[in-house]
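Structure data follow from structure26.csv (CSV, C-alpha atoms):
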chain,number,residue,atom,x,y,z
Z,1,MET,CA,-3.5,-106.4,-15.3
Z,2,VAL,CA,-2.2,-104.2,-12.5
Z,3,ILE,CA,-2.7,-100.5,-12.1
Z,4,THR,CA,-1.7,-98.1,-9.4
Z,5,LEU,CA,-5.0,-96.9,-7.8
Z,6,ASN,CA,-4.7,-94.1,-5.2
Z,7,GLY,CA,-1.1,-95.0,-4.7
Z,8,GLU,CA,-1.6,-98.8,-4.2
Z,9,PRO,CA,-1.3,-101.7,-6.6
Z,10,HIS,CA,-4.7,-102.9,-7.8
Z,11,GLU,CA,-5.5,-105.9,-9.9
Z,12,LEU,CA,-8.2,-105.8,-12.5
Z,13,ASP,CA,-9.5,-107.7,-15.5
Z,14,GLY,CA,-8.9,-105.3,-18.3
Z,15,PRO,CA,-8.5,-103.2,-20.3
Z,16,LEU,CA,-11.5,-101.1,-19.2
Z,17,SER,CA,-12.7,-97.5,-19.3
Z,18,VAL,CA,-12.7,-95.1,-16.3
Z,19,THR,CA,-16.5,-95.4,-16.2
Z,20,ASP,CA,-16.2,-99.2,-15.9
Z,21,LEU,CA,-13.7,-98.9,-13.1
Z,22,LEU,CA,-15.9,-96.5,-11.1
Z,23,THR,CA,-18.9,-98.9,-11.6
Z,24,ARG,CA,-16.8,-101.9,-10.4
Z,25,LEU,CA,-15.8,-99.8,-7.3
Z,26,SER,CA,-19.4,-98.7,-6.8
Z,27,ILE,CA,-18.4,-95.0,-7.0
Z,28,ASP,CA,-20.8,-92.4,-8.2
Z,29,PRO,CA,-19.0,-90.6,-11.0
Z,30,ARG,CA,-20.8,-87.3,-10.1
Z,31,ARG,CA,-19.1,-87.2,-6.7
Z,32,VAL,CA,-15.5,-87.7,-7.7
Z,33,ALA,CA,-12.6,-86.3,-9.7
Z,34,VAL,CA,-10.3,-88.6,-11.6
Z,35,GLU,CA,-6.7,-88.2,-12.6
Z,36,HIS,CA,-5.3,-90.6,-15.2
Z,37,ASN,CA,-1.5,-90.8,-15.6
Z,38,PHE,CA,-1.3,-87.3,-14.0
Z,39,THR,CA,-3.9,-85.8,-16.3
Z,40,ILE,CA,-7.1,-84.6,-14.7
Z,41,LEU,CA,-10.1,-86.0,-16.7
Z,42,LYS,CA,-13.2,-84.1,-17.6
Z,43,ARG,CA,-16.2,-86.1,-16.5
Z,44,HIS,CA,-17.6,-86.4,-20.1
Z,45,LEU,CA,-14.4,-88.2,-21.0
Z,46,PHE,CA,-14.7,-91.0,-18.4
Z,47,ALA,CA,-16.5,-93.4,-20.8
Z,48,ASP,CA,-13.9,-93.1,-23.5
Z,49,SER,CA,-10.8,-93.1,-21.3
Z,50,ARG,CA,-9.2,-96.5,-21.6
Z,51,ILE,CA,-7.1,-97.8,-18.6
Z,52,ASN,CA,-4.2,-100.0,-19.5
Z,53,ASP,CA,-1.8,-102.2,-17.5
Z,54,GLY,CA,0.6,-100.1,-15.4
Z,55,ASP,CA,-1.5,-96.9,-15.5
Z,56,ARG,CA,-1.8,-94.6,-12.5
Z,57,ILE,CA,-5.3,-93.6,-11.4
Z,58,GLU,CA,-6.2,-91.2,-8.6
Z,59,ILE,CA,-9.8,-90.9,-7.5
Z,60,VAL,CA,-10.6,-88.1,-5.0
Z,61,ASN,CA,-13.7,-86.8,-3.4
Z,62,PHE,CA,-14.7,-84.2,-0.8
Z,63,VAL,CA,-14.2,-84.9,2.9
Z,64,GLY,CA,-14.6,-82.8,6.0
Z,65,GLY,CA,-12.0,-80.1,6.3
Z,66,GLY,CA,-11.4,-76.6,7.5
J,1,MET,CA,-29.7,-51.8,11.5
J,2,THR,CA,-29.3,-52.6,7.8
J,3,ASP,CA,-25.7,-53.5,6.8
J,4,THR,CA,-24.3,-54.2,3.4
J,5,PRO,CA,-23.9,-58.0,2.9
J,6,LEU,CA,-20.6,-59.8,2.4
J,7,ILE,CA,-19.9,-60.0,-1.3
J,8,ILE,CA,-17.0,-62.0,-2.7
J,9,ALA,CA,-16.3,-62.2,-6.4
J,10,GLY,CA,-19.9,-61.0,-7.1
J,11,ARG,CA,-21.6,-63.6,-4.9
J,12,THR,CA,-23.6,-62.3,-2.0
J,13,PHE,CA,-23.6,-64.2,1.4
J,14,ARG,CA,-26.2,-63.9,4.1
J,15,SER,CA,-23.7,-64.7,6.8
J,16,ARG,CA,-20.2,-63.3,7.6
J,17,LEU,CA,-19.3,-66.6,9.2
J,18,ILE,CA,-17.6,-69.3,7.2
J,19,VAL,CA,-17.3,-72.7,8.8
J,20,GLY,CA,-15.4,-75.9,8.2
J,21,SER,CA,-16.9,-79.4,7.8
J,22,GLY,CA,-14.2,-81.6,9.5
J,23,LYS,CA,-13.5,-83.0,13.0
J,24,TYR,CA,-17.1,-83.4,13.9
J,25,PRO,CA,-18.2,-86.5,15.9
J,26,SER,CA,-20.6,-87.3,13.0
J,27,HIS,CA,-22.0,-85.9,9.8
J,28,ALA,CA,-25.3,-85.4,11.5
J,29,VAL,CA,-23.7,-83.2,14.2
J,30,MET,CA,-21.9,-81.3,11.5
J,31,ARG,CA,-25.2,-80.6,9.7
J,32,GLN,CA,-26.8,-79.3,12.9
J,33,ALA,CA,-23.8,-77.2,13.7
J,34,ILE,CA,-23.7,-75.6,10.3
J,35,ALA,CA,-27.4,-74.9,10.5
J,36,ALA,CA,-27.0,-73.3,13.9
J,37,SER,CA,-24.0,-71.2,12.7
J,38,GLY,CA,-26.1,-69.7,9.9
J,39,ALA,CA,-23.1,-69.9,7.6
J,40,ASP,CA,-23.8,-70.2,3.9
J,41,MET,CA,-20.2,-71.0,2.9
J,42,VAL,CA,-18.6,-74.2,4.1
J,43,THR,CA,-15.0,-75.5,3.5
J,44,VAL,CA,-14.3,-79.0,2.5
J,45,ALA,CA,-11.0,-80.9,1.8
J,46,VAL,CA,-10.1,-83.0,-1.2
J,47,ARG,CA,-8.8,-86.5,-0.4
J,48,ARG,CA,-8.4,-89.9,-2.1
J,49,VAL,CA,-11.5,-92.0,-2.1
J,50,ASN,CA,-11.1,-95.1,0.2
J,51,VAL,CA,-11.6,-97.7,-2.5
J,52,SER,CA,-11.6,-100.7,-0.1
J,53,ASP,CA,-14.4,-99.3,2.1
J,54,ARG,CA,-17.2,-97.7,0.1
J,55,SER,CA,-19.7,-98.0,3.0
J,56,ARG,CA,-19.0,-94.6,4.4
J,57,GLU,CA,-21.5,-91.9,3.6
J,58,SER,CA,-20.6,-89.0,1.4
J,59,LEU,CA,-20.1,-85.7,3.1
J,60,LEU,CA,-22.1,-84.0,0.4
J,61,ASP,CA,-25.2,-85.9,1.4
J,62,TYR,CA,-25.1,-83.8,4.6
J,63,LEU,CA,-24.6,-80.4,2.9
J,64,ASP,CA,-27.4,-78.4,1.4
J,65,THR,CA,-25.5,-77.4,-1.7
J,66,ASP,CA,-28.5,-75.5,-3.1
J,67,HIS,CA,-28.1,-73.0,-0.3
J,68,ILE,CA,-24.6,-73.4,0.9
J,69,ALA,CA,-21.5,-72.5,-1.2
J,70,ILE,CA,-18.9,-75.2,-1.0
J,71,LEU,CA,-15.3,-73.9,-0.7
J,72,PRO,CA,-12.8,-76.7,-1.3
J,73,ASN,CA,-9.4,-76.2,0.2
J,74,THR,CA,-5.9,-77.3,-0.6
J,75,ALA,CA,-5.1,-78.1,3.0
J,76,GLY,CA,-2.0,-80.2,3.5
J,77,CYS,CA,-0.3,-79.0,0.3
J,78,TYR,CA,3.3,-78.0,0.8
J,79,THR,CA,4.2,-76.7,-2.7
J,80,ALA,CA,2.5,-74.5,-5.3
J,81,ASP,CA,2.3,-77.4,-7.7
J,82,GLU,CA,0.6,-79.7,-5.2
J,83,ALA,CA,-1.9,-76.9,-4.3
J,84,ILE,CA,-2.6,-76.2,-8.0
J,85,ARG,CA,-3.1,-79.9,-8.8
J,86,THR,CA,-5.5,-80.2,-5.8
J,87,ALA,CA,-7.4,-77.1,-6.8
J,88,HIS,CA,-8.0,-78.5,-10.3
J,89,LEU,CA,-9.2,-81.8,-8.9
J,90,ALA,CA,-11.6,-79.9,-6.7
J,91,ARG,CA,-13.0,-78.1,-9.6
J,92,GLU,CA,-13.4,-81.3,-11.6
J,93,ALA,CA,-15.2,-82.9,-8.6
J,94,GLY,CA,-17.8,-80.5,-9.8
J,95,LEU,CA,-19.1,-78.0,-7.3
J,96,SER,CA,-17.3,-74.8,-8.0
J,97,ASN,CA,-14.3,-72.9,-9.3
J,98,TRP,CA,-13.7,-71.4,-5.9
J,99,ILE,CA,-10.7,-72.5,-3.9
J,100,LYS,CA,-9.5,-71.8,-0.4
J,101,LEU,CA,-5.8,-71.8,-1.2
J,102,GLU,CA,-3.4,-73.1,1.4
J,103,VAL,CA,0.3,-73.7,0.7
J,104,ILE,CA,1.8,-74.7,4.0
J,105,GLY,CA,5.5,-73.9,4.8
J,106,ASP,CA,6.0,-75.4,8.2
J,107,GLU,CA,4.6,-78.5,9.9
J,108,ARG,CA,4.6,-77.4,13.5
J,109,THR,CA,2.9,-74.0,13.0
J,110,LEU,CA,1.1,-74.7,9.7
J,111,PHE,CA,2.2,-71.2,8.7
J,112,PRO,CA,1.8,-70.5,5.0
J,113,ASP,CA,4.7,-70.5,2.5
J,114,ASN,CA,3.8,-67.0,1.2
J,115,GLU,CA,6.2,-67.1,-1.8
J,116,ALA,CA,4.6,-70.3,-3.1
J,117,LEU,CA,1.1,-68.9,-2.1
J,118,VAL,CA,1.5,-65.9,-4.3
J,119,GLU,CA,2.8,-68.0,-7.2
J,120,ALA,CA,-0.1,-70.5,-6.9
J,121,THR,CA,-2.6,-67.6,-6.6
J,122,ARG,CA,-1.4,-66.1,-9.8
J,123,ALA,CA,-1.5,-69.5,-11.6
J,124,LEU,CA,-5.0,-70.4,-10.4
J,125,VAL,CA,-6.5,-66.9,-11.2
J,126,ARG,CA,-5.1,-67.4,-14.7
J,127,ASP,CA,-6.8,-70.8,-14.9
J,128,GLY,CA,-10.2,-69.1,-14.0
J,129,PHE,CA,-10.4,-69.8,-10.3
J,130,VAL,CA,-11.8,-67.6,-7.6
J,131,VAL,CA,-8.9,-67.7,-5.2
J,132,LEU,CA,-9.2,-67.1,-1.4
J,133,PRO,CA,-5.7,-67.5,0.0
J,134,TYR,CA,-5.0,-68.4,3.6
J,135,THR,CA,-2.1,-66.1,4.4
J,136,SER,CA,0.1,-64.7,7.1
J,137,ASP,CA,-1.2,-61.5,8.8
J,138,ASP,CA,1.3,-59.4,6.8
J,139,ILE,CA,0.2,-56.4,4.7
J,140,VAL,CA,3.1,-56.9,2.2
J,141,VAL,CA,2.0,-60.5,1.4
J,142,CYS,CA,-1.7,-59.5,1.3
J,143,ARG,CA,-0.9,-56.7,-1.2
J,144,LYS,CA,1.0,-59.2,-3.4
J,145,LEU,CA,-2.0,-61.6,-3.2
J,146,VAL,CA,-4.3,-58.8,-4.3
J,147,ASP,CA,-2.0,-58.0,-7.2
J,148,ALA,CA,-2.0,-61.7,-8.1
J,149,GLY,CA,-5.8,-61.5,-8.4
J,150,ALA,CA,-7.0,-63.0,-5.1
J,151,ALA,CA,-10.7,-62.5,-4.6
J,152,ALA,CA,-10.2,-62.0,-0.9
J,153,VAL,CA,-7.4,-62.2,1.6
J,154,MET,CA,-7.6,-64.6,4.6
J,155,PRO,CA,-4.9,-63.8,7.2
J,156,LEU,CA,-4.6,-66.0,10.2
J,157,GLY,CA,-5.5,-64.8,13.6
J,158,ALA,CA,-3.3,-67.4,15.3
J,159,PRO,CA,-2.0,-70.9,14.2
J,160,ILE,CA,-4.7,-73.3,12.7
J,161,GLY,CA,-6.5,-75.2,15.4
J,162,SER,CA,-4.7,-73.3,18.2
J,163,GLY,CA,-7.6,-71.5,19.7
J,164,LEU,CA,-5.3,-68.7,20.8
J,165,GLY,CA,-7.4,-65.9,19.5
J,166,ILE,CA,-6.2,-62.9,17.5
J,167,GLN,CA,-2.5,-62.6,18.2
J,168,ASN,CA,-1.6,-59.5,16.3
J,169,VAL,CA,-4.4,-57.0,16.5
J,170,ASN,CA,-2.4,-54.2,14.9
J,171,SER,CA,-1.4,-56.3,11.8
J,172,LEU,CA,-5.1,-57.0,11.1
J,173,ARG,CA,-5.9,-53.3,11.5
J,174,ILE,CA,-3.2,-52.4,9.0
J,175,ILE,CA,-4.4,-55.0,6.5
J,176,ARG,CA,-7.9,-53.6,6.9
J,177,GLU,CA,-6.8,-50.1,6.2
J,178,PHE,CA,-4.9,-50.9,3.0
J,179,VAL,CA,-6.6,-53.9,1.4
J,180,ARG,CA,-9.7,-53.2,-0.5
J,181,VAL,CA,-10.8,-56.9,-1.3
J,182,PRO,CA,-12.8,-58.7,1.4
J,183,LEU,CA,-10.7,-59.5,4.5
J,184,ILE,CA,-11.6,-62.9,6.1
J,185,VAL,CA,-9.8,-63.8,9.4
J,186,ASP,CA,-9.1,-67.5,9.0
J,187,ALA,CA,-7.8,-69.6,11.8
J,188,GLY,CA,-7.0,-69.1,15.4
J,189,VAL,CA,-10.4,-68.4,16.9
J,190,GLY,CA,-11.0,-70.2,20.2
J,191,THR,CA,-14.2,-68.7,21.5
J,192,ALA,CA,-16.9,-66.2,20.7
J,193,SER,CA,-15.0,-63.1,21.8
J,194,ASP,CA,-12.2,-63.9,19.4
J,195,ALA,CA,-14.6,-63.9,16.5
J,196,ALA,CA,-16.2,-60.7,17.8
J,197,LEU,CA,-12.8,-59.0,18.0
J,198,ALA,CA,-11.9,-60.0,14.5
J,199,MET,CA,-15.1,-58.4,13.2
J,200,GLU,CA,-14.6,-55.3,15.4
J,201,LEU,CA,-11.2,-54.8,13.8
J,202,GLY,CA,-13.1,-54.5,10.5
J,203,ALA,CA,-12.8,-58.0,9.0
J,204,ASP,CA,-15.5,-58.7,6.5
J,205,GLY,CA,-15.9,-62.3,7.8
J,206,VAL,CA,-14.4,-65.0,9.9
J,207,LEU,CA,-13.6,-68.6,8.9
J,208,MET,CA,-13.4,-71.2,11.6
J,209,GLN,CA,-13.4,-74.9,12.1
J,210,THR,CA,-11.9,-76.3,15.3
J,211,ALA,CA,-13.4,-73.7,17.6
J,212,ILE,CA,-16.8,-75.1,16.7
J,213,ALA,CA,-16.2,-78.8,15.9
J,214,GLY,CA,-13.9,-79.3,18.9
J,215,ALA,CA,-16.1,-77.6,21.4
J,216,GLU,CA,-17.9,-79.8,24.0
J,217,LYS,CA,-21.2,-78.8,22.5
J,218,PRO,CA,-20.5,-78.0,18.8
J,219,VAL,CA,-24.0,-77.1,17.9
J,220,ALA,CA,-24.3,-74.6,20.8
J,221,MET,CA,-20.9,-73.1,20.0
J,222,ALA,CA,-21.9,-72.7,16.4
J,223,GLU,CA,-24.8,-70.6,17.6
J,224,ALA,CA,-22.5,-68.6,19.9
J,225,MET,CA,-20.2,-67.8,16.9
J,226,LYS,CA,-23.2,-66.7,14.8
J,227,TYR,CA,-24.0,-64.0,17.5
J,228,ALA,CA,-20.4,-63.1,18.0
J,229,VAL,CA,-19.8,-62.4,14.3
J,230,ALA,CA,-23.0,-60.5,14.0
J,231,ALA,CA,-22.3,-58.5,17.2
J,232,GLY,CA,-18.7,-57.7,16.2
J,233,ARG,CA,-19.8,-56.5,12.8
J,234,LEU,CA,-22.6,-54.3,14.2
J,235,ALA,CA,-20.1,-52.8,16.7
J,236,TYR,CA,-17.7,-52.1,13.9
J,237,VAL,CA,-20.2,-50.3,11.7
J,238,SER,CA,-21.6,-48.5,14.7
J,239,GLY,CA,-18.4,-46.6,15.4
J,240,ARG,CA,-17.0,-47.4,18.9
J,241,ILE,CA,-16.0,-44.7,21.4
J,242,PRO,CA,-12.4,-43.8,21.8
J,243,GLN,CA,-10.4,-45.4,24.6
J,244,LYS,CA,-9.3,-43.1,27.4
J,245,MET,CA,-7.1,-43.3,30.5
J,246,TYR,CA,-9.6,-41.9,33.0
J,247,ALA,CA,-13.2,-42.0,33.8
J,248,THR,CA,-16.0,-39.8,32.4
J,249,ALA,CA,-19.1,-39.7,34.6
J,250,SER,CA,-22.2,-41.3,33.0
J,251,SER,CA,-24.7,-39.4,35.2
J,252,PRO,CA,-25.1,-35.6,35.5
J,253,VAL,CA,-22.6,-33.9,37.8
J,254,GLU,CA,-25.0,-31.1,38.6
J,255,GLY,CA,-28.0,-31.3,41.0
J,256,MET,CA,-26.4,-33.6,43.6
J,257,VAL,CA,-28.4,-33.8,46.8
J,258,GLY,CA,-26.8,-31.9,49.8
J,259,ARG,CA,-24.1,-29.9,47.8
Turn the structure described in the file into structure tokens.
Amino acid sequence: MVITLNGEPHELDGPLSVTDLLTRLSIDPRRVAVEHNFTILKRHLFADSRINDGDRIEIVNFVGGG
Amino acid sequence: MTDTPLIIAGRTFRSRLIVGSGKYPSHAVMRQAIAASGADMVTVAVRRVNVSDRSRESLLDYLDTDHIAILPNTAGCYTADEAIRTAHLAREAGLSNWIKLEVIGDERTLFPDNEALVEATRALVRDGFVVLPYTSDDIVVCRKLVDAGAAAVMPLGAPIGSGLGIQNVNSLRIIREFVRVPLIVDAGVGTASDAALAMELGADGVLMQTAIAGAEKPVAMAEAMKYAVAAGRLAYVSGRIPQKMYATASSPVEGMVGR
């Protein structure tokens, strides 16, 4: 299936949960925020949030800024 | 001399200097500069994770979050909705419900869109955020921000990253006189005397980024800013002498030899 991940098309074997996606991307879930189809997810919902074909996922973190 | 500490929304800070975390040559230099500045509040930006390159180190590995308050910003947002969305993402990323609210209205100057800023402040306060808005040096806007629930007001001294120093001394004086929440001068500082001047005008703190990170020696400049902010504050609370047109002799005028 293909999702839109941070604005770019991204191919995945799925469906899968947000936790699975972060694991596959080697991203520490404690360091990021995730938006799923324009809804910001609480961290405790990552494991139960199912990503389907065509979904939009944004993963953000903190970077240097002023 | 003992001075009252900076308190924002009930949290006490050791330092009146707030620094950014961007534009440094490396995370290691950033960490050293923040330590040299003495700041215990540091701004960060919220950006998409680079999913194709996970080799880069996390900024947070270089910030002592047990002792330093992290202040996420909404830099780069041009609408209230965009800023509100970014603020919520920052909160979910897990460090705090504090937000340095920026809603930019013009690309060249990076001046704020004050109408959208007031709207976003109101919405975020309602959502439980501690909102520190970056604003024009305008008393009318600052009042509206306070009415909207801002925990502090952060007027600019000059355009972001310009290093021009305080451009409108009188505007800041007026804001100081009429605004009762903490006043943080945010943006425009170029060198230590600019920071000292902001504090001498009665600011409760100064927020800066480029003046330190862009200096030839960022760690040394961070230390200079620490002294400048402390000196300016001490001068403000010490009550400066009035300015006069003509001289007043510093030594006794009586007892001169040969008169």
Length of the CA of Gly105 (chain J) to CA of Glu58 (chain Z) vector [Å]: 24.8 Å
Chain J residues near chain Z (7 Å cut-off, only C-alpha atoms) as number ranges by chain: J: 20-22, 43-49, 51, 59, 89, 92-93, 209
Nearest to Leu110 (chain J) by atom-to-atom distance, counting all atoms listed in the file, from J:Ala69, J:Ile160, J:Val146, J:Val206: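 Answer, going by the shortest atom-to-atom distance: J:Ile160.
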List the neighbours of Pro9 (chain Z) out to 12 Å using all atoms listed in the file; skip same-chain residues closer than 4 positions along the sequence, and give me the result as a short mmCIF file (atom, residue, chain, number, x, y, z; two decimals) with C-alpha atoms, in the coordinates of the input.
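around.cif written:
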data_model
loop_
_atom_site.label_atom_id
_atom_site.label_comp_id
_atom_site.auth_asym_id
_atom_site.auth_seq_id
_atom_site.Cartn_x
_atom_site.Cartn_y
_atom_site.Cartn_z
CA MET Z 1 -3.50 -106.40 -15.30
CA VAL Z 2 -2.20 -104.20 -12.50
CA ILE Z 3 -2.70 -100.50 -12.10
CA THR Z 4 -1.70 -98.10 -9.40
CA LEU Z 5 -5.00 -96.90 -7.80
CA ASP Z 53 -1.80 -102.20 -17.50
CA GLY Z 54 0.60 -100.10 -15.40
CA ASP Z 55 -1.50 -96.90 -15.50
CA ARG Z 56 -1.80 -94.60 -12.50
CA ILE Z 57 -5.30 -93.60 -11.40
CA GLU Z 58 -6.20 -91.20 -8.60
CA VAL J 51 -11.60 -97.70 -2.50
#
CA of Ala116 (chain J) to CA of Ala80 (chain J), distance in Å rounded to a single decimal: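 Going from CA of Ala116 (chain J) over to CA of Ala80 (chain J) covers 5.2 Å.
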Between CA of His27 (chain J) and CA of Leu63 (chain J), distance in Å (one decimal):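 One can read the CA of His27 (chain J) to CA of Leu63 (chain J) distance as 9.2 Å.
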Exercise: Val130 (chain J) partners within 10 Å, all atoms listed in the file, chain neighbours under 2 positions left out, as a PyMOL selection string: chain J and resi 8-9+71+96-101+121+124-128+132-133+149-152
Top pick for closest residue to Pro15 (chain Z), considering Z:His44, Z:Arg50, Z:Asp28, Z:Asn37 and counting all atoms listed in the file: Z:Arg50
Shell of 7 Å around Ala228 (chain J), only C-alpha atoms, local chain residues under 2 positions omitted, as an NGL selection string: :J and (192-193 or 195-196 or 224-226 or 230-232)
Residues within 9 Å of Arg143 (chain J), only C-alpha atoms, excluding chain neighbours under 6 positions, as a list in words: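 With the cut-off at 9 Å, the set is Val153, Ile175, Phe178 and Val179 of chain J.
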Pick out the residues sitting within 7 Å of Val18 (chain Z), and hand them over as a PDB file with C-alpha atoms, in the frame of the given file; count all atoms listed in the file, and ignore anything fewer than 5 positions along from it in its own chain.
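Output contents, as saved in around-v1.pdb:
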ATOM      1  CA  PHE Z  46     -14.700 -91.000 -18.400  1.00  0.00           C
ATOM      2  CA  ALA Z  47     -16.500 -93.400 -20.800  1.00  0.00           C
ATOM      3  CA  SER Z  49     -10.800 -93.100 -21.300  1.00  0.00           C
ATOM      4  CA  ARG Z  50      -9.200 -96.500 -21.600  1.00  0.00           C
ATOM      5  CA  ILE Z  51      -7.100 -97.800 -18.600  1.00  0.00           C
TER       6      ILE Z  51
END
Best match for closeness to Cys142 (chain J) among J:Asn114, J:Thr4, J:Gln32, J:Thr109, counting all atoms listed in the file: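 Closest to Cys142 (chain J), using all atoms listed in the file: J:Asn114.
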Output region 8-20 of chain Z with N, CA, C and O atoms present, as a compact mmCIF listing (two decimals), keeping the file's coordinate frame.
# COMPACT_ATOMS: atom_id res chain seq x y z
N GLU Z 8 -1.81 -97.37 -4.52
CA GLU Z 8 -1.60 -98.80 -4.20
C GLU Z 8 -1.81 -99.65 -5.42
O GLU Z 8 -2.63 -99.34 -6.28
N PRO Z 9 -1.06 -100.79 -5.49
CA PRO Z 9 -1.30 -101.70 -6.60
C PRO Z 9 -2.69 -102.28 -6.57
O PRO Z 9 -3.20 -102.59 -5.49
N HIS Z 10 -3.32 -102.40 -7.73
CA HIS Z 10 -4.70 -102.90 -7.80
C HIS Z 10 -4.88 -103.75 -9.01
O HIS Z 10 -4.60 -103.34 -10.13
N GLU Z 11 -5.31 -104.99 -8.77
CA GLU Z 11 -5.50 -105.90 -9.90
C GLU Z 11 -6.86 -105.87 -10.47
O GLU Z 11 -7.86 -105.77 -9.74
N LEU Z 12 -6.90 -105.92 -11.80
CA LEU Z 12 -8.20 -105.80 -12.50
C LEU Z 12 -8.18 -106.65 -13.74
O LEU Z 12 -7.13 -106.91 -14.33
N ASP Z 13 -9.37 -107.09 -14.15
CA ASP Z 13 -9.50 -107.70 -15.50
C ASP Z 13 -9.67 -106.47 -16.44
O ASP Z 13 -10.54 -105.63 -16.25
N GLY Z 14 -8.87 -106.42 -17.44
CA GLY Z 14 -8.90 -105.30 -18.30
C GLY Z 14 -8.46 -105.61 -19.69
O GLY Z 14 -8.26 -106.77 -19.97
N PRO Z 15 -8.29 -104.61 -20.52
CA PRO Z 15 -8.50 -103.20 -20.30
C PRO Z 15 -9.94 -102.78 -20.07
O PRO Z 15 -10.84 -103.53 -20.43
N LEU Z 16 -10.11 -101.58 -19.50
CA LEU Z 16 -11.50 -101.10 -19.20
C LEU Z 16 -11.46 -99.56 -19.25
O LEU Z 16 -10.38 -98.95 -19.26
N SER Z 17 -12.65 -98.97 -19.25
CA SER Z 17 -12.70 -97.50 -19.30
C SER Z 17 -12.79 -97.00 -17.81
O SER Z 17 -13.03 -97.77 -16.87
N VAL Z 18 -12.62 -95.70 -17.65
CA VAL Z 18 -12.70 -95.10 -16.30
C VAL Z 18 -14.15 -95.30 -15.77
O VAL Z 18 -14.34 -95.60 -14.59
N THR Z 19 -15.14 -95.16 -16.64
CA THR Z 19 -16.50 -95.40 -16.20
C THR Z 19 -16.69 -96.83 -15.67
O THR Z 19 -17.30 -97.04 -14.61
N ASP Z 20 -16.10 -97.82 -16.40
CA ASP Z 20 -16.20 -99.20 -15.90
C ASP Z 20 -15.53 -99.38 -14.57
O ASP Z 20 -16.06 -100.07 -13.69
